[in-house]
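One file, model-v2.cif, is given below (mmCIF, C-alpha atoms).
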data_work
loop_
_atom_site.label_atom_id
_atom_site.label_comp_id
_atom_site.auth_asym_id
_atom_site.auth_seq_id
_atom_site.Cartn_x
_atom_site.Cartn_y
_atom_site.Cartn_z
CA MET A 1 5.69 84.40 18.34
CA ASN A 2 3.10 85.04 21.00
CA ARG A 3 4.63 86.67 24.03
CA LEU A 4 3.35 88.10 27.31
CA GLU A 5 2.43 91.71 26.74
CA ASP A 6 2.32 94.44 29.37
CA SER A 7 -1.25 95.20 28.40
CA ASP A 8 -2.28 91.59 29.03
CA LEU A 9 -0.68 91.65 32.42
CA ARG A 10 -2.30 94.98 33.30
CA GLU A 11 -5.68 93.71 32.19
CA ALA A 12 -5.29 90.53 34.23
CA LEU A 13 -4.40 92.57 37.29
CA ARG A 14 -7.34 94.93 36.72
CA ARG A 15 -9.81 92.05 36.51
CA ARG A 16 -8.23 90.45 39.51
CA GLU A 17 -8.63 93.71 41.43
CA THR A 18 -12.31 94.06 40.55
CA ARG A 19 -13.17 90.64 41.86
CA ARG A 20 -11.08 91.13 44.97
CA GLN A 21 -12.87 92.12 48.15
CA LYS A 22 -11.38 95.30 49.51
CA PRO A 23 -10.82 95.17 53.26
CA GLU A 24 -12.74 97.72 55.26
CA VAL A 25 -11.24 99.59 58.11
CA PRO A 26 -12.96 98.49 61.33
CA ALA A 27 -14.77 101.11 63.37
CA ASP A 28 -12.50 100.80 66.38
CA PHE A 29 -9.35 101.00 64.27
CA MET A 30 -8.70 104.66 65.03
CA ASP A 31 -9.31 104.30 68.75
CA SER A 32 -7.07 101.29 68.90
CA VAL A 33 -4.22 103.08 67.13
CA MET A 34 -4.53 106.19 69.28
CA GLN A 35 -4.74 104.12 72.44
CA GLN A 36 -1.53 102.34 71.52
CA ILE A 37 0.14 105.67 70.80
CA GLU A 38 -0.91 106.93 74.23
CA THR A 39 0.41 103.92 76.11
CA LYS A 40 3.43 102.93 74.07
CA PRO A 41 6.54 105.03 74.63
CA THR A 42 7.71 106.56 71.39
CA VAL A 43 11.09 105.82 69.88
CA GLY A 44 12.07 109.41 70.55
CA ARG A 45 11.44 108.99 74.24
CA ARG A 46 13.37 105.74 74.24
CA TRP A 47 16.26 107.49 72.51
CA ARG A 48 16.20 110.20 75.13
CA TRP A 49 16.54 107.58 77.87
CA MET A 50 19.32 105.86 76.01
CA ALA A 51 21.14 109.15 75.44
CA ALA A 52 20.84 110.00 79.14
CA ALA A 53 22.20 106.57 80.09
CA ALA A 54 25.05 106.89 77.61
CA SER A 55 26.04 110.35 78.88
CA LEU A 56 25.97 109.04 82.46
CA LEU A 57 28.29 106.21 81.49
CA ILE A 58 30.64 108.66 79.78
CA LEU A 59 30.73 110.83 82.92
CA ILE A 60 31.55 107.79 85.06
CA GLY A 61 34.28 106.84 82.59
CA ILE A 62 35.80 110.32 82.71
CA GLY A 63 35.65 110.24 86.51
CA THR A 64 37.55 106.97 86.70
CA LEU A 65 40.09 108.23 84.19
CA LEU A 66 40.72 111.34 86.28
CA MET A 67 41.16 109.21 89.39
CA ASP A 68 43.73 107.03 87.65
CA GLU A 69 45.54 109.99 86.14
CA PRO A 70 48.72 109.87 88.36
CA LYS A 71 49.26 106.24 87.40
CA GLN A 72 48.99 107.05 83.77
CA ASP A 73 51.42 109.96 83.86
CA GLU A 74 54.48 107.79 83.27
CA PRO A 75 53.33 106.15 80.07
CA THR A 76 52.11 109.44 78.70
CA LEU A 77 55.43 111.07 79.46
CA ALA A 78 57.25 108.20 77.86
CA LYS A 79 55.10 108.56 74.80
CA THR A 80 55.78 112.23 74.55
CA GLU A 81 59.48 112.00 75.20
CA LEU A 82 60.32 109.04 73.03
CA PRO A 83 59.51 110.41 69.56
CA PRO A 84 62.20 113.15 69.59
CA VAL A 85 64.94 110.51 70.05
CA PRO A 86 64.67 108.99 66.57
CA LYS A 87 64.37 112.45 65.13
CA VAL A 88 67.71 113.42 66.67
CA SER A 89 69.38 110.26 65.43
CA GLU A 90 67.96 110.80 61.98
CA ALA A 91 69.06 114.38 61.99
CA LEU A 92 72.56 113.51 63.17
CA PRO A 93 74.19 112.69 59.82
CA GLU A 94 73.67 116.17 58.44
CA PRO A 95 75.34 118.14 61.24
CA ILE A 96 78.22 115.67 61.29
CA GLU A 97 78.88 116.20 57.64
CA THR A 98 78.86 119.96 58.01
CA ASN A 99 80.66 120.25 61.36
CA VAL A 100 83.41 117.67 61.45
CA GLU A 101 85.01 119.19 64.54
CA GLU A 102 82.09 118.29 66.75
CA LYS A 103 82.61 114.56 66.26
CA PRO A 104 85.24 113.95 68.91
CA LYS A 105 83.27 115.96 71.45
CA ILE A 106 80.30 113.75 70.97
CA ARG A 107 82.38 110.61 71.27
CA GLN A 108 84.02 111.76 74.50
CA LYS A 109 80.75 112.55 76.04
CA ARG A 110 79.35 109.19 75.10
CA LYS A 111 82.28 107.37 76.68
CA THR A 112 82.06 109.23 79.95
CA VAL A 113 78.36 108.52 80.18
CA VAL A 114 78.37 104.85 79.21
CA LYS A 115 81.49 103.51 80.86
CA PRO A 116 80.61 104.02 84.55
CA ARG A 117 77.70 101.66 84.01
CA THR A 118 80.06 98.67 83.62
CA PRO A 119 80.53 96.65 86.81
CA ARG A 120 83.68 97.40 88.74
CA PRO A 121 85.80 95.09 90.86
CA GLU A 122 85.96 96.00 94.51
CA ILE A 123 89.43 97.44 94.53
CA PRO A 124 89.43 101.22 94.80
CA ASP A 125 89.54 101.28 98.57
CA THR A 126 92.67 99.19 98.77
CA LEU A 127 94.58 100.74 95.93
CA GLY A 128 96.95 103.27 97.26
CA SER A 129 96.32 102.55 100.89
CA GLY A 130 95.79 98.87 101.36
CA ILE A 131 97.74 95.67 100.89
CA TRP A 132 97.37 93.70 97.73
CA GLN A 133 96.91 90.05 98.23
CA SER A 134 97.95 88.75 94.84
CA GLU A 135 99.05 89.55 91.33
CA ARG A 136 95.54 88.91 90.24
CA ASN A 137 94.45 91.92 92.22
CA VAL A 138 97.11 93.97 90.53
CA ARG A 139 95.85 92.94 87.12
CA LEU A 140 92.36 93.63 88.32
CA ALA A 141 93.43 97.07 89.40
CA ILE A 142 94.98 97.74 86.01
CA LYS A 143 91.85 96.58 84.32
CA MET A 144 89.75 98.66 86.58
CA LEU A 145 91.84 101.72 86.01
CA SER A 146 91.62 101.20 82.26
CA GLU A 147 87.92 100.95 82.48
CA CYS A 148 87.77 104.10 84.50
CA GLU A 149 88.37 105.99 81.33
CA ALA A 150 91.18 107.88 82.94
CA VAL A 151 94.23 108.61 80.94
CA ILE A 152 96.67 105.96 82.03
CA GLU A 153 100.28 106.68 81.60
CA LYS A 154 102.09 103.49 81.97
CA SER A 155 105.48 105.04 82.53
CA GLU A 156 107.06 101.97 83.99
CA GLN A 157 106.23 98.35 84.23
CA GLU A 158 108.93 95.95 85.35
CA VAL A 159 108.90 92.36 86.16
CA ARG A 160 111.62 91.49 88.57
CA ASN A 161 111.74 88.38 90.71
CA ASN A 162 108.07 87.98 90.17
CA ILE A 163 107.57 91.53 91.20
CA VAL A 164 105.37 93.56 89.08
CA ARG A 165 106.08 97.19 89.14
CA ALA A 166 104.13 99.74 87.26
CA THR A 167 103.46 103.35 87.47
CA PHE A 168 100.10 104.71 86.65
CA ASN A 169 98.63 108.07 86.37
CA ALA A 170 95.04 107.34 86.90
CA MET A 171 91.93 108.58 88.49
CA PRO A 172 90.19 108.22 90.87
CA GLN A 173 93.13 106.46 92.45
CA PRO A 174 96.31 108.25 93.45
CA ALA A 175 97.85 109.88 90.48
CA ASN A 176 100.94 107.73 90.38
CA ALA A 177 100.54 104.18 91.52
CA VAL A 178 103.16 101.52 91.65
CA LEU A 179 101.92 98.08 92.16
CA VAL A 180 104.26 95.36 93.30
CA THR A 181 103.69 91.77 94.12
CA ASN A 182 105.92 88.85 95.01
CA GLU A 183 105.75 85.12 94.46
CA ALA A 184 103.57 84.66 97.47
CA GLY A 185 101.28 87.25 96.09
CA ASP A 186 101.79 89.65 98.98
CA CYS A 187 101.70 93.26 98.02
CA PHE A 188 102.24 96.53 99.73
CA VAL A 189 100.98 99.77 98.49
CA SER A 190 102.57 103.04 99.47
CA ASP A 191 102.00 106.46 98.18
CA THR A 192 104.91 108.79 97.94
CA ASN A 193 104.90 111.99 96.02
CA ARG A 194 102.12 110.93 93.81
CA GLU A 195 103.82 107.63 93.32
CA THR A 196 102.36 104.62 94.91
CA ILE A 197 104.94 101.97 95.57
CA ILE A 198 103.99 98.50 96.35
CA GLU A 199 106.66 96.68 98.24
CA ILE A 200 107.07 93.21 99.60
CA MET B 1 8.31 115.98 63.83
CA SER B 2 6.36 114.14 66.51
CA SER B 3 6.45 117.36 68.51
CA VAL B 4 5.30 119.37 65.45
CA ILE B 5 2.36 117.11 64.62
CA SER B 6 -0.10 116.78 67.42
CA LYS B 7 -1.94 113.57 68.15
CA GLU B 8 -5.08 115.09 66.72
CA ASP B 9 -3.33 115.86 63.44
CA PHE B 10 -1.88 112.37 63.33
CA ALA B 11 -5.33 110.91 63.98
CA ARG B 12 -6.54 112.81 60.93
CA LEU B 13 -3.73 111.26 58.85
CA VAL B 14 -4.60 107.79 60.14
CA ARG B 15 -8.25 108.33 59.22
CA GLN B 16 -7.25 109.49 55.75
CA TYR B 17 -4.73 106.80 54.86
CA ALA B 18 -5.89 103.78 56.88
CA PRO B 19 -7.97 102.27 54.03
CA GLN B 20 -5.08 102.43 51.58
CA VAL B 21 -2.53 101.11 54.04
CA LEU B 22 -4.86 98.33 55.13
CA GLY B 23 -5.49 97.42 51.49
CA PHE B 24 -1.75 97.39 50.92
CA THR B 25 -1.09 95.20 53.97
CA ALA B 26 -3.93 92.84 53.07
CA ARG B 27 -2.08 91.95 49.84
CA LEU B 28 0.69 90.45 51.90
CA LEU B 29 -1.50 89.10 54.68
CA PRO B 30 -4.73 87.54 53.38
CA ASP B 31 -5.99 87.01 56.92
CA ARG B 32 -8.09 90.09 57.72
CA ARG B 33 -7.22 90.18 61.43
CA GLU B 34 -3.53 89.86 60.79
CA ALA B 35 -3.68 92.64 58.19
CA GLU B 36 -5.52 94.96 60.61
CA GLU B 37 -3.10 94.19 63.41
CA VAL B 38 -0.06 94.86 61.24
CA THR B 39 -1.60 98.07 59.88
CA GLN B 40 -2.22 99.31 63.40
CA ASP B 41 1.35 98.48 64.37
CA ALA B 42 2.58 100.33 61.30
CA PHE B 43 0.70 103.51 62.25
CA VAL B 44 1.88 103.34 65.85
CA LYS B 45 5.44 102.86 64.65
CA ALA B 46 5.02 105.70 62.19
CA PHE B 47 3.96 108.03 64.99
CA GLY B 48 7.05 107.06 66.96
CA GLN B 49 9.29 107.62 63.96
CA LEU B 50 7.72 110.85 62.73
CA SER B 51 10.97 112.67 63.43
CA SER B 52 12.70 110.53 60.79
CA PHE B 53 10.17 111.44 58.10
CA ARG B 54 11.85 114.10 56.02
CA GLY B 55 9.42 114.30 53.15
CA GLU B 56 11.59 112.29 50.74
CA SER B 57 8.40 110.49 49.78
CA THR B 58 4.72 111.02 50.36
CA PHE B 59 3.35 110.23 53.78
CA LEU B 60 1.42 107.30 52.31
CA THR B 61 4.55 105.79 50.72
CA TRP B 62 6.43 106.26 53.97
CA VAL B 63 3.73 104.50 56.01
CA GLN B 64 3.46 101.77 53.38
CA ARG B 65 7.19 101.20 53.71
CA ILE B 66 6.77 100.72 57.46
CA ALA B 67 3.72 98.51 56.89
CA TYR B 68 5.61 96.41 54.32
CA HIS B 69 8.43 95.65 56.75
CA GLU B 70 5.97 94.96 59.55
CA ALA B 71 4.10 92.53 57.32
CA ILE B 72 7.26 90.78 56.13
CA ASP B 73 8.45 90.45 59.74
CA HIS B 74 5.03 89.07 60.66
CA LEU B 75 5.21 86.50 57.84
CA ARG B 76 8.72 85.49 58.82
CA ARG B 77 7.68 84.95 62.39
CA ARG B 78 4.72 82.89 61.28
CA ARG B 79 6.37 80.75 58.65
CA PRO B 80 9.47 80.81 56.47
CA PHE B 81 9.00 83.09 53.51
CA THR B 82 10.02 81.08 50.46
CA THR B 83 9.74 81.56 46.76
CA ASP B 84 9.56 78.67 44.37
CA ILE B 85 12.14 79.20 41.65
CA SER B 86 12.08 75.68 40.21
CA ASN B 87 10.19 76.83 37.14
CA VAL B 88 12.62 79.65 36.52
CA ALA B 89 15.63 77.41 36.90
CA ALA B 90 14.28 74.98 34.33
CA MET B 91 13.44 77.77 31.92
CA THR B 92 15.98 78.56 29.23
CA ASP B 93 14.01 80.97 27.08
CA GLU B 94 10.60 82.59 27.02
CA PRO B 95 8.15 80.00 25.77
CA ASP B 96 5.81 80.89 22.92
CA LEU B 97 2.18 81.15 23.90
CA SER B 98 -0.38 79.69 21.55
CA THR B 99 -3.58 80.86 23.24
CA GLY B 100 -5.72 83.85 22.31
CA ARG B 101 -5.64 87.09 24.30
CA GLU B 102 -8.82 86.55 26.32
CA GLU B 103 -7.86 83.05 27.32
CA ARG B 104 -4.35 84.20 28.15
CA ILE B 105 -5.61 86.95 30.46
CA THR B 106 -7.71 84.42 32.34
CA LEU B 107 -4.71 82.14 32.69
CA LEU B 108 -2.63 85.11 33.80
CA GLU B 109 -5.10 85.91 36.58
CA GLU B 110 -4.79 82.35 37.83
CA ALA B 111 -1.01 82.42 37.54
CA VAL B 112 -0.72 85.70 39.45
CA ASP B 113 -2.83 84.23 42.25
CA GLU B 114 -0.30 81.43 42.56
CA LEU B 115 2.65 83.82 43.02
CA PRO B 116 4.00 84.55 46.50
CA PRO B 117 2.30 87.57 48.16
CA ASP B 118 5.29 89.89 47.86
CA GLU B 119 5.54 89.19 44.12
CA GLN B 120 1.82 89.80 43.72
CA LEU B 121 2.29 93.09 45.53
CA LEU B 122 5.21 94.06 43.30
CA LEU B 123 3.18 93.39 40.16
CA HIS B 124 0.20 95.25 41.57
CA LEU B 125 2.21 98.34 42.52
CA TYR B 126 4.08 98.49 39.22
CA TYR B 127 1.50 97.38 36.63
CA TYR B 128 -1.80 98.28 38.30
CA GLU B 129 -1.06 101.32 40.46
CA ASP B 130 1.63 102.50 38.02
CA ARG B 131 3.85 103.48 40.90
CA PRO B 132 7.36 104.56 39.92
CA LEU B 133 9.99 101.92 40.46
CA ARG B 134 11.78 104.39 42.75
CA ASP B 135 8.75 104.50 45.09
CA ILE B 136 8.40 100.73 45.13
CA ALA B 137 12.11 100.39 45.80
CA TYR B 138 11.70 102.77 48.74
CA ILE B 139 8.77 100.78 50.12
CA MET B 140 10.48 97.43 49.72
CA ASP B 141 13.89 98.75 50.73
CA ALA B 142 15.54 97.52 47.54
CA GLU B 143 17.46 98.94 44.63
CA PRO B 144 15.36 99.87 41.58
CA ASN B 145 17.62 97.74 39.39
CA THR B 146 17.07 94.76 41.65
CA LEU B 147 13.32 95.22 41.40
CA SER B 148 13.56 95.58 37.65
CA GLY B 149 15.35 92.23 37.44
CA ARG B 150 12.83 90.72 39.79
CA LEU B 151 9.93 91.91 37.64
CA TYR B 152 11.61 90.39 34.58
CA ARG B 153 11.96 87.03 36.32
CA ILE B 154 8.36 87.12 37.55
CA ARG B 155 7.14 87.74 33.99
CA LYS B 156 9.21 84.83 32.71
CA ARG B 157 7.81 82.62 35.40
CA LEU B 158 4.28 83.73 34.60
CA MET B 159 4.86 82.72 30.98
CA VAL B 160 6.06 79.29 32.03
CA MET B 161 3.03 78.91 34.26
CA ILE B 162 0.68 79.93 31.45
CA LYS B 163 2.40 77.54 29.08
CA GLN B 164 1.97 74.73 31.60
CA LYS B 165 -1.71 75.60 31.99
CA GLU B 166 -2.13 75.62 28.22
CA ASP B 167 -0.50 72.23 27.98
CA GLU B 168 -2.78 70.89 30.70
CA GLN B 169 -5.84 72.12 28.83
CA THR B 170 -4.78 70.55 25.54
#
Mind converting the file's structure to C-alpha cells?
Amino acid sequence: MNRLEDSDLREALRRRETRRQKPEVPADFMDSVMQQIETKPTVGRRWRWMAAAASLLILIGIGTLLMDEPKQDEPTLAKTELPPVPKVSEALPEPIETNVEEKPKIRQKRKTVVKPRTPRPEIPDTLGSGIWQSERNVRLAIKMLSECEAVIEKSEQEVRNNIVRATFNAMPQPANAVLVTNEAGDCFVSDTNRETIIEI
Amino acid sequence: MSSVISKEDFARLVRQYAPQVLGFTARLLPDRREAEEVTQDAFVKAFGQLSSFRGESTFLTWVQRIAYHEAIDHLRRRRPFTTDISNVAAMTDEPDLSTGREERITLLEEAVDELPPDEQLLLHLYYYEDRPLRDIAYIMDAEPNTLSGRLYRIRKRLMVMIKQKEDEQT
C-alpha cells in the first residue's frame, strides 16, 4: 500500500511555494487605500444615518398613532372589558354550588333584562282606554302582557256568545283588565275599579 | 474602534500587513491587478468595520477573512465558481500509488496546481502555513468540521489525479 502522506503533500506545497513569484505591494498602494478611506463614507457613518432615519420614522409613526388615538379607544376598551366576562362565567359554578339561595335572584334579574328586548305589538295605548277591533287584538294583548313579565292573574276567562272575557292583573296596563269581543270583532275597553271591562 | 485607531495608526497596520494580505489574495486571484484591487478594497472595508473587530482573532486573520470574501465575491461576479467533483464521484476507495516519493511529490505539485483556487488556498493555509483549522474556518466563514471533510475529499481527489498521471506515464 502506497498512500498519500502528509509529509509528501507538505513537501509538494513547499516546492510549489518556492517557485511561485510572490506579489509585491505597489508603491502607491498605501496612498490609494488611504485616499479611498478619506473619500468613502465608513459603515459606521452609514449606520448613523440609517439610525437617524429609523428614529425619525418611529417618531412619525408615534405621531400618527397619537392623532388616531380617539378612534382607537373603542377597540381598546372592548379588549380590556371583554376578558373578565369569561372569567365570571367560569367562576359561576363554584358560587352556585355553595350559595344555592342566590340562584333564583340571578334568574329573575336575567329575565327582566332580556325580555324587554323582544319586539312588542303596538297595543299598550289602546288597552284600557281604547276600542279593540278584533279578537285577534285581544289575543295579542294577552300575549303581550305575558311577555311583559308581569305576574298575570287570570282570574276569569269566559267565552260567551263569542265574547271573550278575562281579567288580568298585569303591568304596565291597568291592573285588572277585562277584554271582551263580539262576533264582529268590536271591543270596548273600560276601566272600573282596577277592572277593565270590554263591552260590545 | 475606528474612533480609537487614528488614520495614521491604520496606515501603519496597512503598511505592515499589506504584503501578507496581498499574497493571500493573489492565491485566489492570479491576475496581479485584480489581487491588488481586492486587497485595497479589503483594507478600506476593514477600516470601515473596525468597530466590529473585537480581537477574537489576530488583525491579520481578520483582514484576511474580509479579503477572502471580497475575492470570492469578485470571482463570482467575474465567472461562476465551480468545482469539478467528477473524479471524486467516480472514486470508491483511495487508489494505491505505485510511484516513488520524489516522483509522487512532483506529480502532487502538478495536481495541486490543477485544483480550484479556494482549494489550493485551503491546502496552503493548513499544510504549508500550519494555520489552525479554527483560524481557517474563521477566514472562510465555515465550520471546522466542514473544512476537515473538505480537506479529506481534496486529498482523495489528489490521489486520483496522481494515479491518473501515473497511468498516463506508463
Could you please select, counting all atoms listed in the file, the residues of chain A within 12 Å of chain B and state them as a PyMOL selection string? chain A and resi 1-47
- Within 9 Å of B:Leu29, counting all atoms listed in the file, which residues show up once you throw out same-chain ones fewer than 4 positions away? Write them as a list in words, please. Thr25, Arg33, Glu34, Ala35, Val38, Ala71, His74, Leu75 and Pro117 of chain B
As a check of understanding: the span from atom CA of B:Thr58 to atom CA of B:Leu28 is 21.0 Å
(request) To one decimal in Å, tell me the separation between atom CA of B:Ser148 and atom CA of B:Leu133. (result)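 Atom-to-atom, atom CA of B:Ser148 to atom CA of B:Leu133, that is 7.8 Å.
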From the list B:Thr170, B:Lys163, B:Tyr138, B:Asn145, the nearest residue to B:Tyr68 using only C-alpha atoms is B:Tyr138
Students should find that atom CA of B:Leu13 and atom CA of B:Phe59 are spaced 8.8 Å
